[in-house]
Amino acid sequence: MCPVCRQRPAEVGVLCEECRDDLASPIKVSPEQIQLHSARPTMAALIDLWGRPHRLDPRTLIGRQVDGPGLALLEPSVSRHHAHIVLDGDEWAMRDLGSANGTWFEDRLVEETTPIKDKDRIRFGHIAFYFILDVAQLPAPKLGRTMTATIRPVDRPATAQTPEVDTEASDEEETTNVGLPSLSFKLHEPTGGGGGLIEVNGKQVQLTTTQFELMALMIRRMANESHQPDLVRGFVRSSELIADLSWDTREPSENHVKQLVRRVRRALIKSEIGDLIESRHRFGYRLRAIPRTE
């Protein structure tokens, strides 16, 4: 299974297609632009867009120009010396080195040393990765028809081109279960903005501003449409989400909506809340539960 979501089989390297899409960059990047120079590899790794693990040294420099050991990202949005990932005792953390385009942790800008844990998504400029604590737990990489590589049992990176993935159908084709569960939802939005916290049956998840707005809108819609049959209750169309949410791009599109939904789904699953978002062709997206008022 995919080591990030634990829900779907690996299809692109060690990642499923949906988790792989969550690493997509707004600019075109080739596998050859990511080059690892390792001196003392640990079992921790960064997994790239092609599902390839890059094993980290106890102190790994990330940058566009890496003269010694480190991970070189040959892309203009990455600074010459961009960030450090460091093992301190049993804990991993990352620190930005004054980069021009920032180091990001789960869509939040890193402004100080930030702990990172298994399955976290981190980004340097436009280049994103998943952090994995133990490469020995990774599945055997799935090679596409155009991929050729020799992969050793632990030292697994493969330099290969991945075929384009069509996610249009997979994002929209779901079946609706009869009967929606009743769950308790509590929304905590700080007055200063910057996202918010959602609590579902006692389990909490921290979301960015746009992610929080998506969940809040679906919760309200499901609560307000109690007069509708369960089969069609609570759906929000993509056009409405594009118009009403606070996007960080000037021209949000259907693809931005799909990526947003994937990231919220992953955050919910990672927080052990579960996948609470249903998508249905021609209907849109909705909460896969009925909010319970307390």
# chains A, B, ... in the order shown; residues from 1 in each chain; ligands from 1
$ residues_around --residues "A:Ile219" --least-positions-apart "4" --cutoff "7 Å" --atoms "only C-alpha atoms" --output "number ranges by chain"
A: 215, 223, 287, 291
$ write_last_selection --atoms "N, CA and C atoms" --output "CSV table (one decimal), in the first residue's frame"
chain,number,residue,atom,x,y,z
A,215,MET,N,-14.0,22.9,4.6
A,215,MET,CA,-14.7,22.1,5.6
A,215,MET,C,-15.9,22.8,6.2
A,223,ALA,N,-25.6,20.6,7.3
A,223,ALA,CA,-26.5,20.9,8.4
A,223,ALA,C,-27.8,21.6,7.9
A,287,LEU,N,-19.7,16.7,2.7
A,287,LEU,CA,-19.3,16.0,3.9
A,287,LEU,C,-19.9,14.7,3.9
A,291,PRO,N,-23.6,16.6,10.6
A,291,PRO,CA,-23.1,17.3,11.8
A,291,PRO,C,-24.1,17.2,12.9
$ residues_around --residues "A:Glu189" --least-positions-apart "4" --cutoff "10 Å" --atoms "only C-alpha atoms" --output "JSON, numbers by chain"
{"A": [193, 194, 195, 196, 197, 198, 207, 209, 212, 213]}
$ write_last_selection --atoms "N, CA and C atoms" --output "CSV table (one decimal), in the first residue's frame"
chain,number,residue,atom,x,y,z
A,193,GLY,N,-6.7,34.9,11.9
A,193,GLY,CA,-6.6,34.2,10.7
A,193,GLY,C,-5.6,33.2,10.7
A,194,GLY,N,-5.1,32.8,9.5
A,194,GLY,CA,-4.1,31.8,9.4
A,194,GLY,C,-4.5,30.3,9.5
A,195,GLY,N,-5.8,30.1,9.2
A,195,GLY,CA,-6.3,28.7,9.2
A,195,GLY,C,-7.2,28.5,10.4
A,196,GLY,N,-7.3,27.2,10.8
A,196,GLY,CA,-8.2,26.9,11.9
A,196,GLY,C,-8.1,25.5,12.3
A,197,LEU,N,-8.7,25.2,13.4
A,197,LEU,CA,-8.7,23.8,14.0
A,197,LEU,C,-10.1,23.2,13.9
A,198,ILE,N,-10.3,22.0,13.4
A,198,ILE,CA,-11.6,21.4,13.4
A,198,ILE,C,-11.5,20.1,14.3
A,207,LEU,N,-5.9,23.0,9.9
A,207,LEU,CA,-6.0,23.2,8.5
A,207,LEU,C,-5.6,24.6,8.1
A,209,THR,N,-6.1,28.2,5.9
A,209,THR,CA,-7.3,29.0,5.7
A,209,THR,C,-8.2,28.4,4.7
A,212,PHE,N,-9.7,25.1,5.8
A,212,PHE,CA,-10.7,25.3,6.9
A,212,PHE,C,-12.0,25.8,6.3
A,213,GLU,N,-11.9,26.8,5.3
A,213,GLU,CA,-13.1,27.3,4.7
A,213,GLU,C,-13.9,26.2,3.9
$ closest_residue --among "A:His54, A:Arg263, A:His84, A:Arg280" --to "A:Ser99" --atoms "only C-alpha atoms"
A:His84
$ closest_residue --among "A:Ala100, A:Val261, A:Leu214, A:Ile290" --to "A:Leu183" --atoms "only C-alpha atoms"
A:Ile290
$ closest_residue --among "A:Val12, A:Leu245, A:Met1, A:Met218" --to "A:Asp48" --atoms "only C-alpha atoms"
A:Val12
$ atom_distance --atom1 "atom CA of A:Leu46" --atom2 "atom CA of A:Phe131"
4.7 Å
$ closest_residue --among "A:Lys119, A:Arg250, A:His126, A:Arg288" --to "A:Ala267" --atoms "only C-alpha atoms"
A:Lys119
$ closest_residue --among "A:Pro58, A:Gly274, A:Pro3, A:Gly98" --to "A:Arg40" --atoms "only C-alpha atoms"
A:Pro58
$ residues_around --residues "stretch 32-37 of chain A" --least-positions-apart "4" --cutoff "6 Å" --atoms "only C-alpha atoms" --output "PDB file with all heavy atoms, in the first residue's frame"
ATOM      1  N   PRO A  69      27.925  16.586   0.270  1.00  0.00           N
ATOM      2  CA  PRO A  69      26.727  15.778   0.533  1.00  0.00           C
ATOM      3  C   PRO A  69      25.479  16.650   0.662  1.00  0.00           C
ATOM      4  O   PRO A  69      25.528  17.765   1.179  1.00  0.00           O
ATOM      5  CB  PRO A  69      27.055  15.081   1.861  1.00  0.00           C
ATOM      6  CG  PRO A  69      28.541  15.097   1.947  1.00  0.00           C
ATOM      7  CD  PRO A  69      28.971  16.373   1.286  1.00  0.00           C
ATOM      8  N   GLY A  70      24.355  16.142   0.200  1.00  0.00           N
ATOM      9  CA  GLY A  70      23.090  16.871   0.291  1.00  0.00           C
ATOM     10  C   GLY A  70      22.158  16.478  -0.836  1.00  0.00           C
ATOM     11  O   GLY A  70      22.454  15.590  -1.641  1.00  0.00           O
ATOM     12  N   LEU A  71      21.029  17.158  -0.896  1.00  0.00           N
ATOM     13  CA  LEU A  71      20.038  16.912  -1.937  1.00  0.00           C
ATOM     14  C   LEU A  71      19.948  18.147  -2.815  1.00  0.00           C
ATOM     15  O   LEU A  71      19.501  19.210  -2.375  1.00  0.00           O
ATOM     16  CB  LEU A  71      18.669  16.602  -1.319  1.00  0.00           C
ATOM     17  CG  LEU A  71      17.556  16.211  -2.296  1.00  0.00           C
ATOM     18  CD1 LEU A  71      17.914  14.925  -3.035  1.00  0.00           C
ATOM     19  CD2 LEU A  71      16.227  16.043  -1.565  1.00  0.00           C
ATOM     20  N   ALA A  72      20.410  18.022  -4.056  1.00  0.00           N
ATOM     21  CA  ALA A  72      20.414  19.137  -4.996  1.00  0.00           C
ATOM     22  C   ALA A  72      19.109  19.150  -5.778  1.00  0.00           C
ATOM     23  O   ALA A  72      18.722  18.142  -6.373  1.00  0.00           O
ATOM     24  CB  ALA A  72      21.598  19.021  -5.950  1.00  0.00           C
ATOM     25  N   LEU A  73      18.421  20.304  -5.758  1.00  0.00           N
ATOM     26  CA  LEU A  73      17.188  20.510  -6.509  1.00  0.00           C
ATOM     27  C   LEU A  73      17.471  21.573  -7.557  1.00  0.00           C
ATOM     28  O   LEU A  73      17.523  22.773  -7.257  1.00  0.00           O
ATOM     29  CB  LEU A  73      16.057  20.951  -5.571  1.00  0.00           C
ATOM     30  CG  LEU A  73      15.830  20.080  -4.335  1.00  0.00           C
ATOM     31  CD1 LEU A  73      14.692  20.634  -3.490  1.00  0.00           C
ATOM     32  CD2 LEU A  73      15.553  18.641  -4.728  1.00  0.00           C
ATOM     33  N   LEU A  74      17.664  21.151  -8.781  1.00  0.00           N
ATOM     34  CA  LEU A  74      18.116  22.037  -9.846  1.00  0.00           C
ATOM     35  C   LEU A  74      16.926  22.729 -10.496  1.00  0.00           C
ATOM     36  O   LEU A  74      16.533  22.428 -11.620  1.00  0.00           O
ATOM     37  CB  LEU A  74      18.936  21.243 -10.871  1.00  0.00           C
ATOM     38  CG  LEU A  74      20.057  20.379 -10.276  1.00  0.00           C
ATOM     39  CD1 LEU A  74      20.791  19.618 -11.365  1.00  0.00           C
ATOM     40  CD2 LEU A  74      21.017  21.220  -9.457  1.00  0.00           C
TER      41      LEU A  74
END
$ closest_residue --among "A:Val232, A:Met43, A:Ile273, A:Ala24" --to "A:Ile132" --atoms "only C-alpha atoms"
A:Met43
$ select_by_dssp --residues "stretch 19-233 of chain A" --states "helix (DSSP H, G or I)" --output "number ranges by chain"
A: 19-21, 31-33, 135-137, 168-172, 209-224
$ atom_distance --atom1 "atom CA of A:Asp21" --atom2 "atom CA of A:Asn201"
29.3 Å
$ select_by_dssp --residues "stretch 182-263 of chain A" --states "strand (DSSP E or B)" --output "ChimeraX atom specification"
/A:182-188,196-200,203-207,236
$ write_last_selection --atoms "C-alpha atoms" --output "short mmCIF file (atom, residue, chain, number, x, y, z; two decimals), in the first residue's frame"
data_model
loop_
_atom_site.label_atom_id
_atom_site.label_comp_id
_atom_site.auth_asym_id
_atom_site.auth_seq_id
_atom_site.Cartn_x
_atom_site.Cartn_y
_atom_site.Cartn_z
CA SER A 182 -23.85 11.48 12.72
CA LEU A 183 -20.64 13.12 13.99
CA SER A 184 -19.84 15.98 16.35
CA PHE A 185 -18.01 18.92 14.71
CA LYS A 186 -16.39 21.86 16.50
CA LEU A 187 -14.71 24.66 14.56
CA HIS A 188 -12.02 26.82 16.17
CA GLY A 196 -8.17 26.93 11.95
CA LEU A 197 -8.71 23.81 13.99
CA ILE A 198 -11.56 21.35 13.42
CA GLU A 199 -12.52 18.80 16.04
CA VAL A 200 -14.46 15.70 14.94
CA LYS A 203 -10.08 14.21 17.28
CA GLN A 204 -8.47 17.43 16.02
CA VAL A 205 -6.92 18.48 12.73
CA GLN A 206 -5.17 21.77 11.94
CA LEU A 207 -5.99 23.19 8.50
CA VAL A 236 -21.26 21.95 -3.03
#
